[in-house]
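S.K.: As input, take model_17.cif (mmCIF, N, CA and C atoms):
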data_final
#
loop_
_atom_site.label_atom_id
_atom_site.label_comp_id
_atom_site.auth_asym_id
_atom_site.auth_seq_id
_atom_site.Cartn_x
_atom_site.Cartn_y
_atom_site.Cartn_z
N MET A 125 110.25 112.86 78.75
CA MET A 125 109.00 113.19 78.09
C MET A 125 107.87 113.39 79.09
N PHE A 126 107.82 112.55 80.13
CA PHE A 126 106.79 112.71 81.15
C PHE A 126 107.27 113.81 82.11
N ARG A 127 106.44 114.81 82.31
CA ARG A 127 106.79 115.91 83.22
C ARG A 127 106.06 115.73 84.53
N LYS A 128 106.79 115.74 85.63
CA LYS A 128 106.21 115.53 86.95
C LYS A 128 105.58 116.82 87.47
N ILE A 129 104.26 116.79 87.65
CA ILE A 129 103.55 117.96 88.17
C ILE A 129 103.59 117.95 89.69
N ASP A 130 103.26 116.82 90.27
CA ASP A 130 103.35 116.66 91.73
C ASP A 130 103.72 115.21 92.01
N ASP A 131 103.68 114.81 93.27
CA ASP A 131 104.13 113.46 93.63
C ASP A 131 103.31 112.36 92.99
N LYS A 132 102.13 112.69 92.50
CA LYS A 132 101.22 111.67 91.97
C LYS A 132 100.88 111.84 90.50
N THR A 133 101.24 112.98 89.92
CA THR A 133 100.74 113.29 88.58
C THR A 133 101.85 113.68 87.61
N PHE A 134 101.79 113.08 86.43
CA PHE A 134 102.69 113.43 85.33
C PHE A 134 101.82 113.91 84.17
N ALA A 135 102.35 114.85 83.38
CA ALA A 135 101.70 115.28 82.14
C ALA A 135 102.68 115.02 81.01
N SER A 136 102.11 114.81 79.82
CA SER A 136 102.96 114.48 78.69
C SER A 136 102.30 114.90 77.38
N PRO A 137 103.15 115.19 76.39
CA PRO A 137 102.61 115.28 75.03
C PRO A 137 102.12 113.89 74.61
N GLN A 138 101.50 113.82 73.44
CA GLN A 138 100.98 112.55 72.90
C GLN A 138 101.94 111.40 73.17
N ILE A 139 101.43 110.33 73.74
CA ILE A 139 102.26 109.15 73.98
C ILE A 139 102.05 108.15 72.84
N GLU A 140 103.02 107.27 72.73
CA GLU A 140 102.98 106.19 71.74
C GLU A 140 102.85 104.87 72.50
N LEU A 141 102.66 103.79 71.79
CA LEU A 141 102.51 102.48 72.44
C LEU A 141 103.72 102.14 73.30
N ALA A 142 104.93 102.44 72.82
CA ALA A 142 106.15 102.12 73.57
C ALA A 142 106.22 102.89 74.89
N ASP A 143 105.56 104.04 74.95
CA ASP A 143 105.58 104.85 76.18
C ASP A 143 104.79 104.20 77.31
N VAL A 144 103.90 103.30 76.98
CA VAL A 144 103.12 102.60 78.01
C VAL A 144 104.05 101.76 78.87
N ALA A 145 105.06 101.14 78.27
CA ALA A 145 106.03 100.36 79.04
C ALA A 145 106.82 101.26 79.99
N GLU A 146 107.17 102.46 79.53
CA GLU A 146 107.86 103.42 80.40
C GLU A 146 106.96 103.82 81.56
N ALA A 147 105.69 104.04 81.27
CA ALA A 147 104.72 104.39 82.32
C ALA A 147 104.63 103.26 83.33
N GLN A 148 104.59 102.03 82.84
CA GLN A 148 104.52 100.88 83.73
C GLN A 148 105.76 100.82 84.61
N ALA A 149 106.93 101.07 84.04
CA ALA A 149 108.18 101.04 84.81
C ALA A 149 108.20 102.12 85.90
N LEU A 150 107.51 103.23 85.66
CA LEU A 150 107.44 104.30 86.65
C LEU A 150 106.37 104.02 87.72
N GLY A 151 105.62 102.94 87.55
CA GLY A 151 104.57 102.62 88.51
C GLY A 151 103.27 103.36 88.27
N ILE A 152 103.10 103.90 87.06
CA ILE A 152 101.86 104.61 86.74
C ILE A 152 100.69 103.64 86.87
N GLY A 153 99.65 104.07 87.58
CA GLY A 153 98.49 103.23 87.79
C GLY A 153 97.32 103.57 86.89
N MET A 154 97.38 104.76 86.28
CA MET A 154 96.29 105.19 85.40
C MET A 154 96.84 106.13 84.33
N ILE A 155 96.38 105.93 83.11
CA ILE A 155 96.67 106.85 82.02
C ILE A 155 95.37 107.57 81.67
N ILE A 156 95.44 108.91 81.63
CA ILE A 156 94.28 109.71 81.28
C ILE A 156 94.55 110.38 79.94
N ASN A 157 93.73 110.07 78.97
CA ASN A 157 93.84 110.63 77.63
C ASN A 157 92.94 111.86 77.53
N ASN A 158 93.55 113.04 77.39
CA ASN A 158 92.79 114.27 77.28
C ASN A 158 92.73 114.77 75.84
N ARG A 159 93.10 113.92 74.90
CA ARG A 159 93.12 114.33 73.50
C ARG A 159 91.93 113.77 72.75
N PRO A 160 91.19 114.62 72.02
CA PRO A 160 90.09 114.11 71.20
C PRO A 160 90.63 113.21 70.09
N GLU A 161 89.87 112.20 69.75
CA GLU A 161 90.27 111.32 68.65
C GLU A 161 90.31 112.12 67.35
N ASP A 162 91.23 111.75 66.49
CA ASP A 162 91.36 112.35 65.16
C ASP A 162 91.67 113.84 65.19
N GLU A 163 92.28 114.30 66.27
CA GLU A 163 92.68 115.71 66.34
C GLU A 163 93.81 115.98 65.33
N SER A 164 94.62 114.95 65.12
CA SER A 164 95.76 115.06 64.21
C SER A 164 95.95 113.71 63.54
N PRO A 165 96.31 113.69 62.26
CA PRO A 165 96.46 112.39 61.57
C PRO A 165 97.63 111.55 62.10
N ASP A 166 98.56 112.16 62.82
CA ASP A 166 99.73 111.41 63.30
C ASP A 166 99.58 110.88 64.73
N GLN A 167 98.43 111.10 65.37
CA GLN A 167 98.30 110.65 66.75
C GLN A 167 97.93 109.17 66.82
N THR A 168 98.46 108.53 67.85
CA THR A 168 98.11 107.13 68.10
C THR A 168 96.68 107.09 68.64
N PRO A 169 95.81 106.28 68.04
CA PRO A 169 94.41 106.23 68.51
C PRO A 169 94.32 105.83 69.99
N GLY A 170 93.38 106.46 70.66
CA GLY A 170 93.17 106.18 72.07
C GLY A 170 92.89 104.71 72.34
N ALA A 171 92.17 104.04 71.46
CA ALA A 171 91.86 102.63 71.66
C ALA A 171 93.13 101.78 71.71
N GLU A 172 94.13 102.15 70.93
CA GLU A 172 95.39 101.40 70.94
C GLU A 172 96.15 101.65 72.24
N ILE A 173 96.16 102.90 72.71
CA ILE A 173 96.80 103.21 73.99
C ILE A 173 96.06 102.49 75.11
N GLU A 174 94.73 102.50 75.05
CA GLU A 174 93.93 101.83 76.07
C GLU A 174 94.25 100.34 76.12
N ALA A 175 94.33 99.69 74.97
CA ALA A 175 94.63 98.25 74.93
C ALA A 175 96.02 97.96 75.50
N ALA A 176 96.99 98.78 75.15
CA ALA A 176 98.35 98.59 75.66
C ALA A 176 98.40 98.83 77.17
N ALA A 177 97.67 99.85 77.63
CA ALA A 177 97.63 100.15 79.07
C ALA A 177 97.01 98.99 79.83
N LYS A 178 95.88 98.51 79.36
CA LYS A 178 95.21 97.40 80.05
C LYS A 178 96.08 96.15 80.05
N ALA A 179 96.79 95.90 78.95
CA ALA A 179 97.69 94.74 78.89
C ALA A 179 98.83 94.88 79.90
N ALA A 180 99.19 96.13 80.21
CA ALA A 180 100.26 96.39 81.17
C ALA A 180 99.73 96.52 82.60
N GLY A 181 98.43 96.32 82.78
CA GLY A 181 97.84 96.43 84.11
C GLY A 181 97.63 97.86 84.57
N ILE A 182 97.51 98.77 83.62
CA ILE A 182 97.32 100.19 83.91
C ILE A 182 95.89 100.58 83.53
N ALA A 183 95.19 101.24 84.44
CA ALA A 183 93.84 101.73 84.14
C ALA A 183 93.93 102.83 83.09
N TYR A 184 92.86 103.00 82.34
CA TYR A 184 92.82 104.00 81.26
C TYR A 184 91.48 104.74 81.31
N VAL A 185 91.55 106.06 81.20
CA VAL A 185 90.35 106.88 81.17
C VAL A 185 90.52 107.91 80.05
N ALA A 186 89.47 108.13 79.28
CA ALA A 186 89.48 109.17 78.25
C ALA A 186 88.59 110.33 78.70
N ILE A 187 89.19 111.51 78.79
CA ILE A 187 88.46 112.74 79.08
C ILE A 187 88.91 113.75 78.03
N PRO A 188 88.37 113.64 76.81
CA PRO A 188 88.84 114.51 75.74
C PRO A 188 88.51 115.98 75.97
N VAL A 189 89.49 116.83 75.66
CA VAL A 189 89.34 118.27 75.80
C VAL A 189 89.72 118.90 74.46
N THR A 190 88.80 119.66 73.89
CA THR A 190 89.11 120.36 72.65
C THR A 190 89.70 121.73 72.99
N HIS A 191 90.10 122.45 71.97
CA HIS A 191 90.64 123.80 72.18
C HIS A 191 89.55 124.79 72.55
N ALA A 192 88.30 124.35 72.57
CA ALA A 192 87.19 125.23 72.93
C ALA A 192 87.17 125.56 74.42
N GLY A 193 87.88 124.76 75.22
CA GLY A 193 87.93 125.04 76.65
C GLY A 193 87.41 123.88 77.48
N PHE A 194 87.22 124.16 78.75
CA PHE A 194 86.89 123.13 79.72
C PHE A 194 85.45 123.29 80.20
N SER A 195 84.79 122.16 80.41
CA SER A 195 83.45 122.18 81.01
C SER A 195 83.56 121.64 82.43
N MET A 196 82.56 121.92 83.21
CA MET A 196 82.55 121.40 84.58
C MET A 196 82.49 119.87 84.57
N LEU A 197 81.84 119.28 83.57
CA LEU A 197 81.81 117.81 83.48
C LEU A 197 83.22 117.25 83.30
N GLN A 198 84.05 117.91 82.52
CA GLN A 198 85.42 117.45 82.34
C GLN A 198 86.22 117.60 83.64
N VAL A 199 86.03 118.72 84.32
CA VAL A 199 86.73 118.95 85.59
C VAL A 199 86.33 117.87 86.59
N GLU A 200 85.02 117.59 86.69
CA GLU A 200 84.53 116.56 87.61
C GLU A 200 85.06 115.19 87.22
N ALA A 201 85.13 114.89 85.93
CA ALA A 201 85.64 113.60 85.47
C ALA A 201 87.12 113.46 85.82
N MET A 202 87.88 114.54 85.67
CA MET A 202 89.31 114.50 86.02
C MET A 202 89.47 114.31 87.52
N GLN A 203 88.68 115.02 88.28
CA GLN A 203 88.72 114.90 89.74
C GLN A 203 88.41 113.46 90.16
N ALA A 204 87.40 112.86 89.55
CA ALA A 204 87.02 111.48 89.85
C ALA A 204 88.12 110.50 89.45
N ALA A 205 88.73 110.72 88.29
CA ALA A 205 89.79 109.82 87.83
C ALA A 205 91.00 109.89 88.77
N LEU A 206 91.36 111.09 89.18
CA LEU A 206 92.49 111.23 90.12
C LEU A 206 92.18 110.54 91.45
N ALA A 207 90.95 110.66 91.90
CA ALA A 207 90.55 110.00 93.15
C ALA A 207 90.55 108.49 92.98
N GLU A 208 90.06 108.02 91.84
CA GLU A 208 90.00 106.58 91.57
C GLU A 208 91.40 105.95 91.54
N ALA A 209 92.37 106.71 91.09
CA ALA A 209 93.75 106.19 91.02
C ALA A 209 94.34 105.95 92.40
N GLY A 210 93.75 106.56 93.42
CA GLY A 210 94.23 106.35 94.78
C GLY A 210 95.66 106.86 94.94
N ASP A 211 96.52 106.00 95.49
CA ASP A 211 97.90 106.40 95.73
C ASP A 211 98.80 106.16 94.52
N LYS A 212 98.25 105.55 93.47
CA LYS A 212 99.07 105.24 92.30
C LYS A 212 99.26 106.49 91.44
N PRO A 213 100.45 106.68 90.88
CA PRO A 213 100.68 107.83 90.01
C PRO A 213 99.82 107.77 88.75
N VAL A 214 99.54 108.96 88.21
CA VAL A 214 98.71 109.12 87.03
C VAL A 214 99.53 109.82 85.94
N LEU A 215 99.35 109.38 84.71
CA LEU A 215 99.94 110.05 83.56
C LEU A 215 98.79 110.57 82.70
N ALA A 216 98.72 111.90 82.55
CA ALA A 216 97.71 112.51 81.68
C ALA A 216 98.41 113.06 80.45
N TYR A 217 97.80 112.84 79.29
CA TYR A 217 98.44 113.35 78.07
C TYR A 217 97.42 113.98 77.12
N CYS A 218 97.96 114.87 76.28
CA CYS A 218 97.21 115.49 75.19
C CYS A 218 98.24 115.79 74.10
N ARG A 219 98.02 116.78 73.29
CA ARG A 219 98.98 117.04 72.21
C ARG A 219 100.31 117.54 72.76
N SER A 220 100.27 118.46 73.74
CA SER A 220 101.50 119.03 74.30
C SER A 220 101.66 118.80 75.79
N GLY A 221 100.59 118.38 76.44
CA GLY A 221 100.57 118.25 77.89
C GLY A 221 99.90 119.43 78.57
N THR A 222 99.69 120.50 77.82
CA THR A 222 99.12 121.71 78.41
C THR A 222 97.67 121.52 78.84
N ARG A 223 96.82 121.00 77.96
CA ARG A 223 95.41 120.81 78.34
C ARG A 223 95.30 119.85 79.53
N SER A 224 96.15 118.82 79.54
CA SER A 224 96.13 117.88 80.67
C SER A 224 96.49 118.59 81.97
N THR A 225 97.51 119.45 81.91
CA THR A 225 97.92 120.19 83.10
C THR A 225 96.85 121.18 83.54
N LEU A 226 96.24 121.86 82.59
CA LEU A 226 95.19 122.82 82.95
C LEU A 226 93.98 122.11 83.55
N LEU A 227 93.62 120.97 83.01
CA LEU A 227 92.50 120.22 83.57
C LEU A 227 92.85 119.70 84.96
N TRP A 228 94.09 119.23 85.14
CA TRP A 228 94.56 118.82 86.48
C TRP A 228 94.42 120.00 87.44
N ALA A 229 94.85 121.19 87.00
CA ALA A 229 94.81 122.37 87.86
C ALA A 229 93.38 122.69 88.30
N LEU A 230 92.45 122.64 87.36
CA LEU A 230 91.05 122.91 87.71
C LEU A 230 90.49 121.87 88.67
N ALA A 231 90.85 120.61 88.45
CA ALA A 231 90.39 119.54 89.35
C ALA A 231 90.97 119.72 90.75
N GLN A 232 92.23 120.12 90.82
CA GLN A 232 92.86 120.34 92.14
C GLN A 232 92.22 121.54 92.85
N ALA A 233 91.93 122.58 92.09
CA ALA A 233 91.26 123.75 92.69
C ALA A 233 89.90 123.35 93.25
N ARG A 234 89.17 122.56 92.49
CA ARG A 234 87.85 122.11 92.95
C ARG A 234 87.96 121.22 94.18
N SER A 235 89.13 120.57 94.35
CA SER A 235 89.37 119.73 95.52
C SER A 235 89.90 120.53 96.70
N GLY A 236 90.16 121.83 96.48
CA GLY A 236 90.57 122.69 97.59
C GLY A 236 92.04 123.03 97.66
N MET A 237 92.84 122.63 96.68
CA MET A 237 94.25 123.00 96.70
C MET A 237 94.38 124.51 96.49
N ALA A 238 95.31 125.12 97.18
CA ALA A 238 95.52 126.56 97.07
C ALA A 238 95.99 126.93 95.66
N PRO A 239 95.42 127.99 95.08
CA PRO A 239 95.82 128.40 93.73
C PRO A 239 97.32 128.62 93.56
N GLU A 240 97.97 129.17 94.58
CA GLU A 240 99.42 129.41 94.50
C GLU A 240 100.17 128.08 94.38
N ALA A 241 99.72 127.07 95.11
CA ALA A 241 100.36 125.75 95.05
C ALA A 241 100.14 125.12 93.68
N ILE A 242 98.94 125.26 93.15
CA ILE A 242 98.64 124.72 91.82
C ILE A 242 99.57 125.35 90.79
N ALA A 243 99.68 126.68 90.82
CA ALA A 243 100.53 127.38 89.85
C ALA A 243 101.99 126.97 90.00
N ALA A 244 102.45 126.79 91.24
CA ALA A 244 103.84 126.41 91.48
C ALA A 244 104.12 125.00 90.96
N HIS A 245 103.22 124.07 91.21
CA HIS A 245 103.40 122.70 90.72
C HIS A 245 103.44 122.68 89.19
N ALA A 246 102.51 123.38 88.56
CA ALA A 246 102.46 123.41 87.10
C ALA A 246 103.73 124.04 86.54
N ALA A 247 104.15 125.15 87.12
CA ALA A 247 105.36 125.84 86.65
C ALA A 247 106.59 124.95 86.80
N GLY A 248 106.63 124.18 87.88
CA GLY A 248 107.74 123.26 88.09
C GLY A 248 107.85 122.21 87.00
N ALA A 249 106.73 121.91 86.36
CA ALA A 249 106.72 120.95 85.26
C ALA A 249 106.83 121.64 83.90
N GLY A 250 106.94 122.98 83.93
CA GLY A 250 107.09 123.72 82.69
C GLY A 250 105.79 124.18 82.04
N TYR A 251 104.71 124.20 82.82
CA TYR A 251 103.42 124.61 82.28
C TYR A 251 102.93 125.88 82.99
N ASP A 252 102.22 126.71 82.25
CA ASP A 252 101.72 127.99 82.74
C ASP A 252 100.20 127.92 82.88
N VAL A 253 99.70 128.09 84.09
CA VAL A 253 98.25 128.06 84.31
C VAL A 253 97.65 129.46 84.38
N SER A 254 98.45 130.49 84.16
CA SER A 254 97.93 131.85 84.30
C SER A 254 96.71 132.14 83.42
N PRO A 255 96.57 131.55 82.22
CA PRO A 255 95.37 131.84 81.44
C PRO A 255 94.06 131.40 82.12
N ILE A 256 94.15 130.46 83.04
CA ILE A 256 92.92 129.99 83.70
C ILE A 256 92.91 130.32 85.20
N MET A 257 93.78 131.22 85.65
CA MET A 257 93.80 131.55 87.08
C MET A 257 92.46 132.05 87.61
N PRO A 258 91.69 132.82 86.86
CA PRO A 258 90.37 133.21 87.40
C PRO A 258 89.48 131.99 87.70
N GLN A 259 89.50 130.99 86.82
CA GLN A 259 88.71 129.78 87.06
C GLN A 259 89.28 128.99 88.25
N ILE A 260 90.59 128.93 88.35
CA ILE A 260 91.23 128.23 89.48
C ILE A 260 90.84 128.92 90.78
N ASP A 261 90.94 130.25 90.82
CA ASP A 261 90.56 131.00 92.02
C ASP A 261 89.10 130.76 92.38
N PHE A 262 88.23 130.77 91.38
CA PHE A 262 86.79 130.57 91.62
C PHE A 262 86.52 129.19 92.20
N LEU A 263 87.09 128.15 91.58
CA LEU A 263 86.85 126.79 92.06
C LEU A 263 87.45 126.57 93.46
N ALA A 264 88.62 127.13 93.70
CA ALA A 264 89.25 126.99 95.01
C ALA A 264 88.41 127.69 96.08
N ALA A 265 87.86 128.86 95.75
CA ALA A 265 87.03 129.58 96.71
C ALA A 265 85.75 128.80 97.02
N GLN A 266 85.19 128.15 96.00
CA GLN A 266 83.98 127.34 96.23
C GLN A 266 84.28 126.14 97.10
N ALA A 267 85.49 125.61 97.01
CA ALA A 267 85.85 124.41 97.76
C ALA A 267 86.06 124.69 99.24
N ARG A 268 86.29 125.94 99.59
CA ARG A 268 86.56 126.28 100.99
C ARG A 268 85.31 126.28 101.82
#
Rewrite the structure of this file - the entire thing - as structure tokens.

M.R.:
Amino acid sequence: MFRKIDDKTFASPQIELADVAEAQALGIGMIINNRPEDESPDQTPGAEIEAAAKAAGIAYVAIPVTHAGFSMLQVEAMQAALAEAGDKPVLAYCRSGTRSTLLWALAQARSGMAPEAIAAHAAGAGYDVSPIMPQIDFLAAQAR
């Protein structure tokens, strides 16, 4: 269920409370929730995931992303969360994992990762960043 994007980052569809134990077993140091609350009646509330994560010794950050797109504040928050996690792996989730992967991609571009590398990492995890390649290219160019 957890898809490995790079050596430090996993993306996933909506996680459940039991998935927190799996994350802990993988050595995940931070869970990033990219799903807005009440997006779907069947989703586990973020507060419950946060409580389970904290009980397991895993940091938790909420950076909700709607289908309206990404703001620079969200990109900066993702970049900060990834930096805060240090060397510990991160698990980001949303409804399908796509928004989490796209936000990761934008944060990596802003940090200076080459767009081709970003696209390759995402594709290796089964995600397509081509819809946001212009934004990735722009952020990567600004980082240089």

S.K.: Counting all atoms listed in the file, which residues in range 169-256 of chain A sit no more than 8 Å from range 135-143 of chain A? For each one, give the nearest pair of atoms and the distance in Å, sorted by chain then residue number, as JSON lines.

M.R.:
{"residue": "A:Glu172", "atom": "C", "partner": "A:Leu141", "partner_atom": "CA", "distance": 6.4}
{"residue": "A:Ile173", "atom": "CA", "partner": "A:Leu141", "partner_atom": "CA", "distance": 6.0}
{"residue": "A:Ala176", "atom": "CA", "partner": "A:Leu141", "partner_atom": "CA", "distance": 6.5}
{"residue": "A:Ala177", "atom": "N", "partner": "A:Leu141", "partner_atom": "CA", "distance": 7.6}
{"residue": "A:Val214", "atom": "C", "partner": "A:Ala135", "partner_atom": "N", "distance": 6.3}
{"residue": "A:Leu215", "atom": "CA", "partner": "A:Ala135", "partner_atom": "N", "distance": 5.4}
{"residue": "A:Ala216", "atom": "C", "partner": "A:Ser136", "partner_atom": "N", "distance": 4.1}
{"residue": "A:Tyr217", "atom": "CA", "partner": "A:Ser136", "partner_atom": "C", "distance": 4.2}
{"residue": "A:Cys218", "atom": "C", "partner": "A:Gln138", "partner_atom": "N", "distance": 3.9}
{"residue": "A:Arg219", "atom": "C", "partner": "A:Pro137", "partner_atom": "CA", "distance": 3.9}
{"residue": "A:Ser220", "atom": "C", "partner": "A:Pro137", "partner_atom": "CA", "distance": 3.7}
{"residue": "A:Gly221", "atom": "CA", "partner": "A:Ser136", "partner_atom": "C", "distance": 3.8}
{"residue": "A:Thr222", "atom": "N", "partner": "A:Ser136", "partner_atom": "C", "distance": 6.2}
{"residue": "A:Ser224", "atom": "C", "partner": "A:Ala135", "partner_atom": "CA", "distance": 6.2}
{"residue": "A:Thr225", "atom": "N", "partner": "A:Ala135", "partner_atom": "CA", "distance": 5.9}
{"residue": "A:Ala249", "atom": "CA", "partner": "A:Ala135", "partner_atom": "N", "distance": 7.7}

S.K.: Which residues would end up in the selection if the PyMOL selection byres (((chain A and resi 247 and name CA) around 12) and name CA) were applied here, given that I need the answer as an mmCIF file with N, CA and C atoms, keeping the file's coordinate frame?

M.R.:
data_model
loop_
_atom_site.group_PDB
_atom_site.id
_atom_site.type_symbol
_atom_site.label_atom_id
_atom_site.label_comp_id
_atom_site.auth_asym_id
_atom_site.auth_seq_id
_atom_site.Cartn_x
_atom_site.Cartn_y
_atom_site.Cartn_z
ATOM 1 N N ARG A 127 106.440 114.810 82.310
ATOM 2 C CA ARG A 127 106.790 115.910 83.220
ATOM 3 C C ARG A 127 106.060 115.730 84.530
ATOM 4 N N LYS A 128 106.790 115.740 85.630
ATOM 5 C CA LYS A 128 106.210 115.530 86.950
ATOM 6 C C LYS A 128 105.580 116.820 87.470
ATOM 7 N N ILE A 129 104.260 116.790 87.650
ATOM 8 C CA ILE A 129 103.550 117.960 88.170
ATOM 9 C C ILE A 129 103.590 117.950 89.690
ATOM 10 N N ASP A 130 103.260 116.820 90.270
ATOM 11 C CA ASP A 130 103.350 116.660 91.730
ATOM 12 C C ASP A 130 103.720 115.210 92.010
ATOM 13 N N THR A 222 99.690 120.500 77.820
ATOM 14 C CA THR A 222 99.120 121.710 78.410
ATOM 15 C C THR A 222 97.670 121.520 78.840
ATOM 16 N N THR A 225 97.510 119.450 81.910
ATOM 17 C CA THR A 225 97.920 120.190 83.100
ATOM 18 C C THR A 225 96.850 121.180 83.540
ATOM 19 N N LEU A 226 96.240 121.860 82.590
ATOM 20 C CA LEU A 226 95.190 122.820 82.950
ATOM 21 C C LEU A 226 93.980 122.110 83.550
ATOM 22 N N ALA A 229 94.850 121.190 87.000
ATOM 23 C CA ALA A 229 94.810 122.370 87.860
ATOM 24 C C ALA A 229 93.380 122.690 88.300
ATOM 25 N N GLU A 240 97.970 129.170 94.580
ATOM 26 C CA GLU A 240 99.420 129.410 94.500
ATOM 27 C C GLU A 240 100.170 128.080 94.380
ATOM 28 N N ALA A 241 99.720 127.070 95.110
ATOM 29 C CA ALA A 241 100.360 125.750 95.050
ATOM 30 C C ALA A 241 100.140 125.120 93.680
ATOM 31 N N ILE A 242 98.940 125.260 93.150
ATOM 32 C CA ILE A 242 98.640 124.720 91.820
ATOM 33 C C ILE A 242 99.570 125.350 90.790
ATOM 34 N N ALA A 243 99.680 126.680 90.820
ATOM 35 C CA ALA A 243 100.530 127.380 89.850
ATOM 36 C C ALA A 243 101.990 126.970 90.000
ATOM 37 N N ALA A 244 102.450 126.790 91.240
ATOM 38 C CA ALA A 244 103.840 126.410 91.480
ATOM 39 C C ALA A 244 104.120 125.000 90.960
ATOM 40 N N HIS A 245 103.220 124.070 91.210
ATOM 41 C CA HIS A 245 103.400 122.700 90.720
ATOM 42 C C HIS A 245 103.440 122.680 89.190
ATOM 43 N N ALA A 246 102.510 123.380 88.560
ATOM 44 C CA ALA A 246 102.460 123.410 87.100
ATOM 45 C C ALA A 246 103.730 124.040 86.540
ATOM 46 N N GLY A 248 106.630 124.180 87.880
ATOM 47 C CA GLY A 248 107.740 123.260 88.090
ATOM 48 C C GLY A 248 107.850 122.210 87.000
ATOM 49 N N ALA A 249 106.730 121.910 86.360
ATOM 50 C CA ALA A 249 106.720 120.950 85.260
ATOM 51 C C ALA A 249 106.830 121.640 83.900
ATOM 52 N N GLY A 250 106.940 122.980 83.930
ATOM 53 C CA GLY A 250 107.090 123.720 82.690
ATOM 54 C C GLY A 250 105.790 124.180 82.040
ATOM 55 N N TYR A 251 104.710 124.200 82.820
ATOM 56 C CA TYR A 251 103.420 124.610 82.280
ATOM 57 C C TYR A 251 102.930 125.880 82.990
ATOM 58 N N ASP A 252 102.220 126.710 82.250
ATOM 59 C CA ASP A 252 101.720 127.990 82.740
ATOM 60 C C ASP A 252 100.200 127.920 82.880
ATOM 61 N N VAL A 253 99.700 128.090 84.090
ATOM 62 C CA VAL A 253 98.250 128.060 84.310
ATOM 63 C C VAL A 253 97.650 129.460 84.380
ATOM 64 N N SER A 254 98.450 130.490 84.160
ATOM 65 C CA SER A 254 97.930 131.850 84.300
ATOM 66 C C SER A 254 96.710 132.140 83.420
#

S.K.: Between A:Ile156, A:Ala238, A:Glu163, A:Ala233, which is the closest to Ala201 in chain A once you count only C-alpha atoms?

M.R.: A:Ile156

S.K.: Where in chain A does DSSP assign strand (DSSP E or B), given as a list in words?

M.R.: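 Checking each residue of chain A, the strand (DSSP E or B) ones are Arg127, Lys128, Thr133, Phe134, Ala135, Ser136, Met154, Ile155, Ile156, Asn157, Ala183, Tyr184, Val185, Ala186, Val214, Leu215, Ala216 and Tyr217 of chain A.
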
S.K.: When you draw a straight line from CA of Ala207 in chain A to CA of Asp131 in chain A, how long is it in Å?

M.R.: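 That distance, rounded to one decimal, is 14.0 Å.
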